[in-house]
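Participant: Enclosed is the structure file work-v1.tsv (TSV, C-alpha atoms).
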```tsv
chain	number	residue	atom	x	y	z
A	12	MET	CA	4.35	1.53	25.12
A	13	ASN	CA	4.66	-1.93	23.59
A	14	THR	CA	7.94	-3.25	22.23
A	15	SER	CA	6.79	-3.14	18.60
A	16	ASP	CA	6.01	0.59	18.76
A	17	ALA	CA	9.21	1.32	20.65
A	18	LYS	CA	11.30	-0.53	18.07
A	19	ARG	CA	9.62	1.38	15.23
A	20	ILE	CA	10.40	4.69	16.95
A	21	LEU	CA	14.00	3.65	17.56
A	22	GLU	CA	14.47	2.51	13.97
A	23	THR	CA	13.08	5.79	12.63
A	24	ALA	CA	15.31	7.86	14.89
A	25	LEU	CA	18.42	5.93	13.85
A	26	ILE	CA	17.63	6.22	10.16
A	27	CYS	CA	16.97	9.96	10.39
A	28	ALA	CA	19.93	10.77	12.66
A	29	GLN	CA	22.74	12.79	11.07
A	30	GLN	CA	25.32	11.37	13.49
A	31	PRO	CA	25.72	8.08	15.40
A	32	MET	CA	23.34	7.92	18.37
A	33	ARG	CA	24.48	7.10	21.89
A	34	LEU	CA	22.37	4.95	24.20
A	35	ALA	CA	21.71	8.02	26.34
A	36	ASP	CA	20.28	9.82	23.30
A	37	MET	CA	18.04	6.88	22.47
A	38	LEU	CA	16.69	6.67	26.01
A	39	VAL	CA	15.50	10.27	25.68
A	40	LEU	CA	13.09	9.03	23.00
A	41	PHE	CA	11.20	6.99	25.57
A	42	LYS	CA	11.69	8.99	28.79
A	43	ASP	CA	11.34	6.37	31.53
A	44	GLU	CA	9.18	3.91	29.58
A	45	ILE	CA	12.11	1.89	28.20
A	46	GLY	CA	15.21	0.81	30.14
A	47	ALA	CA	18.77	0.44	28.88
A	48	ASP	CA	18.63	-3.37	28.85
A	49	THR	CA	15.44	-3.39	26.78
A	50	LEU	CA	16.98	-0.84	24.44
A	51	LYS	CA	20.00	-3.06	23.84
A	52	VAL	CA	17.73	-6.00	23.04
A	53	MET	CA	15.85	-3.88	20.49
A	54	LEU	CA	19.12	-2.82	18.86
A	55	TYR	CA	20.17	-6.45	18.54
A	56	GLU	CA	16.79	-7.36	17.05
A	57	LEU	CA	17.04	-4.52	14.53
A	58	GLN	CA	20.49	-5.76	13.52
A	59	GLN	CA	19.02	-9.18	12.83
A	60	GLU	CA	16.04	-7.78	10.91
A	61	TRP	CA	18.33	-5.76	8.61
A	62	GLY	CA	20.77	-8.65	8.21
A	63	LEU	CA	19.95	-9.44	4.58
A	64	LYS	CA	19.57	-5.87	3.35
A	65	GLY	CA	22.05	-3.50	1.74
A	66	VAL	CA	22.03	-1.33	4.86
A	67	GLU	CA	23.22	-2.51	8.27
A	68	LEU	CA	22.95	-1.25	11.85
A	69	VAL	CA	26.39	-1.03	13.44
A	70	GLN	CA	27.96	0.24	16.63
A	71	VAL	CA	30.88	2.62	16.12
A	72	ALA	CA	32.92	4.66	18.58
A	73	SER	CA	30.39	7.51	18.80
A	74	GLY	CA	27.28	5.35	19.02
A	75	TRP	CA	24.91	3.42	16.74
A	76	ARG	CA	24.09	4.18	13.12
A	77	PHE	CA	22.71	2.73	9.91
A	78	GLN	CA	25.20	2.56	7.07
A	79	SER	CA	25.52	0.90	3.67
A	80	ARG	CA	27.30	-2.42	3.55
A	81	PRO	CA	30.82	-2.41	2.04
A	82	GLU	CA	29.72	-4.47	-0.95
A	83	MET	CA	27.26	-1.73	-1.89
A	84	ARG	CA	29.95	0.94	-2.29
A	85	GLU	CA	30.75	0.02	-5.89
A	86	PHE	CA	27.17	0.83	-6.90
A	87	LEU	CA	26.65	3.87	-4.67
A	88	ASP	CA	29.81	5.43	-6.03
A	89	ARG	CA	28.13	5.58	-9.43
A	90	LEU	CA	25.71	8.16	-8.00
A	91	THR	CA	28.59	10.37	-6.83
A	92	PRO	CA	31.46	9.70	-9.24
A	93	GLU	CA	33.84	12.05	-7.43
A	94	LYS	CA	37.28	10.58	-7.05
A	95	PRO	CA	38.17	9.59	-3.47
A	96	PRO	CA	40.95	11.53	-1.72
A	97	LYS	CA	44.45	10.23	-2.31
A	98	TYR	CA	47.16	9.81	0.30
A	99	THR	CA	50.76	8.73	-0.02
A	100	ARG	CA	51.93	5.45	1.38
A	101	ALA	CA	53.88	7.49	3.93
A	102	VAL	CA	50.64	9.00	5.25
A	103	LEU	CA	48.97	5.60	5.61
A	104	GLU	CA	52.02	4.10	7.30
A	105	THR	CA	52.15	6.98	9.77
A	106	LEU	CA	48.44	6.52	10.52
A	107	ALA	CA	48.97	2.79	11.03
A	108	ILE	CA	51.84	3.39	13.46
A	109	ILE	CA	49.75	5.81	15.51
A	110	ALA	CA	46.81	3.40	15.51
A	111	TYR	CA	48.88	0.51	16.90
A	112	ARG	CA	51.43	2.33	19.06
A	113	GLN	CA	49.32	5.09	20.56
A	114	PRO	CA	49.96	7.24	22.40
A	115	THR	CA	53.15	7.86	20.44
A	116	THR	CA	55.46	10.75	19.64
A	117	ARG	CA	56.75	11.88	16.29
A	118	ALA	CA	60.20	10.59	17.27
A	119	ASP	CA	58.72	7.14	17.93
A	120	MET	CA	57.15	7.16	14.46
A	121	GLU	CA	60.42	8.20	12.86
A	122	ASP	CA	62.29	5.41	14.66
A	123	ILE	CA	59.85	2.86	13.23
A	124	ARG	CA	59.76	4.31	9.70
A	125	GLY	CA	63.48	5.03	9.64
A	126	VAL	CA	63.00	8.45	8.04
A	127	THR	CA	62.07	11.97	9.09
A	128	ILE	CA	58.31	12.46	8.94
A	129	ASN	CA	57.19	15.48	6.98
A	130	THR	CA	55.15	17.91	9.10
A	131	LEU	CA	52.55	17.99	6.33
A	132	ILE	CA	51.80	14.30	6.95
A	133	ILE	CA	50.83	14.98	10.55
A	134	LYS	CA	48.80	18.00	9.47
A	135	GLN	CA	46.93	15.97	6.84
A	136	LEU	CA	45.89	13.41	9.44
A	137	GLU	CA	44.90	16.10	11.95
A	138	ASP	CA	42.90	18.04	9.36
A	139	ARG	CA	41.01	14.87	8.43
A	140	GLY	CA	40.15	14.42	12.11
A	141	TRP	CA	41.85	11.03	12.41
A	142	ILE	CA	44.56	11.92	14.95
A	143	GLU	CA	44.98	14.43	17.76
A	144	VAL	CA	47.45	15.46	20.45
A	145	ILE	CA	46.28	14.04	23.78
A	146	GLY	CA	49.13	15.26	25.95
A	147	HIS	CA	52.90	15.43	26.22
A	148	ARG	CA	55.52	12.92	27.34
A	149	GLU	CA	57.37	13.95	30.45
A	150	THR	CA	60.85	13.96	28.96
A	151	VAL	CA	63.23	16.48	27.45
A	152	GLY	CA	61.28	18.86	25.22
A	153	ARG	CA	57.90	17.39	26.30
A	154	PRO	CA	57.10	15.99	22.84
A	155	ALA	CA	53.46	15.76	21.83
A	156	LEU	CA	51.72	12.41	22.16
A	157	PHE	CA	49.46	11.49	19.25
A	158	ALA	CA	46.49	9.14	19.28
A	159	THR	CA	43.64	8.30	16.95
A	160	THR	CA	40.23	9.91	17.42
A	161	ARG	CA	36.65	8.69	17.65
A	162	GLN	CA	36.22	10.06	14.14
A	163	PHE	CA	38.90	7.65	12.91
A	164	LEU	CA	37.08	4.71	14.50
A	165	ASP	CA	33.73	5.93	13.15
A	166	ASP	CA	35.14	6.29	9.62
A	167	LEU	CA	36.71	2.85	9.86
A	168	GLY	CA	33.36	1.46	11.02
A	169	ILE	CA	34.51	0.04	14.36
A	170	ALA	CA	33.65	0.82	17.98
A	171	SER	CA	37.01	0.48	19.74
A	172	LEU	CA	40.73	-0.02	19.24
A	173	ASP	CA	40.31	-3.68	20.16
A	174	GLN	CA	38.53	-4.18	16.83
A	175	LEU	CA	41.46	-3.02	14.72
A	176	PRO	CA	42.47	-5.68	12.17
A	177	GLU	CA	45.76	-7.54	12.18
A	178	VAL	CA	48.66	-5.39	11.03
A	179	GLY	CA	48.97	-7.16	7.67
A	180	PRO	CA	45.53	-6.26	6.25
A	181	LEU	CA	45.32	-2.90	8.06
A	182	GLN	CA	46.35	-0.79	5.07
A	183	GLU	CA	43.88	-2.59	2.80
A	184	GLN	CA	41.04	-2.08	5.31
A	185	ILE	CA	41.90	1.61	5.70
A	186	LEU	CA	41.74	2.04	1.93
A	187	ALA	CA	38.45	0.16	1.64
A	188	ASN	CA	36.58	1.48	4.67
A	189	LEU	CA	37.73	5.08	4.42
A	190	ASN	CA	37.25	5.12	0.63
A	191	ILE	CA	40.67	6.58	-0.20
A	192	GLU	CA	43.39	5.84	-2.70
A	193	THR	CA	47.17	5.92	-2.56
A	194	LEU	CA	49.26	8.18	-4.74
A	195	ASP	CA	51.57	6.50	-7.21
A	196	THR	CA	54.61	8.13	-5.63
A	197	ASP	CA	55.47	9.39	-2.18
A	198	SER	CA	56.72	12.86	-1.39
A	199	ILE	CA	60.46	13.45	-1.87
A	200	THR	CA	60.99	13.45	1.90
A	201	ASP	CA	59.43	10.02	2.29
A	202	ARG	CA	60.28	8.36	-1.01
A	203	GLN	CA	63.03	6.30	0.56
A	204	ALA	CA	60.71	4.98	3.27
A	205	GLU	CA	59.26	1.91	1.63
A	206	LEU	CA	58.48	0.39	5.02
A	207	PRO	CA	56.73	-3.00	4.94
A	208	MET	CA	53.72	-3.26	7.25
A	209	SER	CA	55.52	-6.14	8.99
A	210	ALA	CA	57.89	-3.59	10.51
A	211	ILE	CA	55.00	-2.19	12.52
A	212	ALA	CA	54.11	-5.67	13.72
A	213	GLU	CA	57.65	-6.23	14.93
A	214	THR	CA	57.50	-3.11	17.09
A	215	GLN	CA	53.91	-3.23	18.33
A	216	ASP	CA	52.73	-4.56	21.68
A	217	SER	CA	50.54	-7.66	21.77
A	218	SER	CA	47.45	-5.44	21.51
A	219	PRO	CA	46.71	-1.76	20.86
A	220	THR	CA	46.90	0.54	23.86
A	221	SER	CA	43.35	1.25	24.91
A	222	GLU	CA	42.03	4.77	25.30
A	223	ALA	CA	41.63	4.17	29.01
A	224	GLU	CA	45.33	3.34	29.34
A	225	HIS	CA	46.33	6.66	27.79
A	226	THR	CA	45.77	8.40	31.11
A	227	ASN	CA	48.59	6.40	32.68
A	228	GLU	CA	51.16	7.74	30.23
A	229	VAL	CA	49.95	11.19	29.36
A	230	GLN	CA	50.38	14.49	31.08
A	231	PRO	CA	47.56	16.65	29.68
A	232	ASP	CA	48.14	20.24	28.63
```
How does the structure come out when it is put into structure tokens?

Facilitator:
Amino acid sequence: MNTSDAKRILETALICAQQPMRLADMLVLFKDEIGADTLKVMLYELQQEWGLKGVELVQVASGWRFQSRPEMREFLDRLTPEKPPKYTRAVLETLAIIAYRQPTTRADMEDIRGVTINTLIIKQLEDRGWIEVIGHRETVGRPALFATTRQFLDDLGIASLDQLPEVGPLQEQILANLNIETLDTDSITDRQAELPMSAIAETQDSSPTSEAEHTNEVQPD
């Protein structure tokens, strides 16, 4: 099989895929005719070929996928004028804390925000598939440790925690990439918690804890 035919097959599979494709899935397309190194070269070439179009080929946490460019959203939204989901500032701040301090407990989040976190906030984030319990801290009460999921990274359009933006623009990027809006007012429980994003920066490590490092701190269920 020549490279041109292989690239056309790969492009078709990526466009038709319902979910991001892993390299292992792509290799199945070619059996043993194409190696992993050649496959990576073809992916890079496809990225370049689609560079000036309204759709781009990107690598996210779950694999590779074609997606519309951010600047196209304004126009695509006209086809589906449904209002995006709305979340309180408290929800977004809690998500930001988990993203940068993971794995983290609810008590850790409350220390940073300076207010008790409503259980419904955690449930909202779990129901959306953005956070999950990955274990329990070995201390009194064995509190649950929360971390972000691959779905969160996929929805944000990035492949790993290392690609998270600086703390300052994080909330803006979450709003833009996840296509959500903030409510005008927070819940009564969290109304007093007008926490500036800089507070997260003051408490975060120099870089996000990687998923691989989670195993050093977590005792799984």

Participant: Can you work out which one of A:Ser73, A:Thr105, A:Thr127, A:Thr99 has the shortest atom-to-atom distance to Arg161 of chain A, counting all atoms listed in the file?

Facilitator: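 Of A:Ser73, A:Thr105, A:Thr127, A:Thr99, the one nearest Arg161 of chain A, counting all atoms listed in the file, is A:Ser73.
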
Participant: How many Å lie between atom CA of Gly46 of chain A and atom CA of Arg33 of chain A, rounded to one decimal?

Facilitator: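 According to the coordinates, atom CA of Gly46 of chain A and atom CA of Arg33 of chain A are separated by 13.9 Å.
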
Participant: Please list as a list in words every residue within 6 Å of Glu67 of chain A, counting all atoms listed in the file and excluding residues in the same chain fewer than 3 positions away.

Facilitator: Trp61, Phe77 and Gln78 of chain A

Participant: Give as a PyMOL selection string every residue, naming chains and numbers as the document does, that has an atom within 9 Å of (17.6, 3.6, 16.0), counting only C-alpha atoms.

Facilitator: chain A and resi 18-28+32+37+53-54+57+68+75-77

Participant: Can you work out which one of A:Thr49, A:Thr116, A:Thr14, A:Ser79 has the shortest atom-to-atom distance to Arg153 of chain A, counting all atoms listed in the file?

Facilitator: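 Smallest separation from Arg153 of chain A among the options: A:Thr116.
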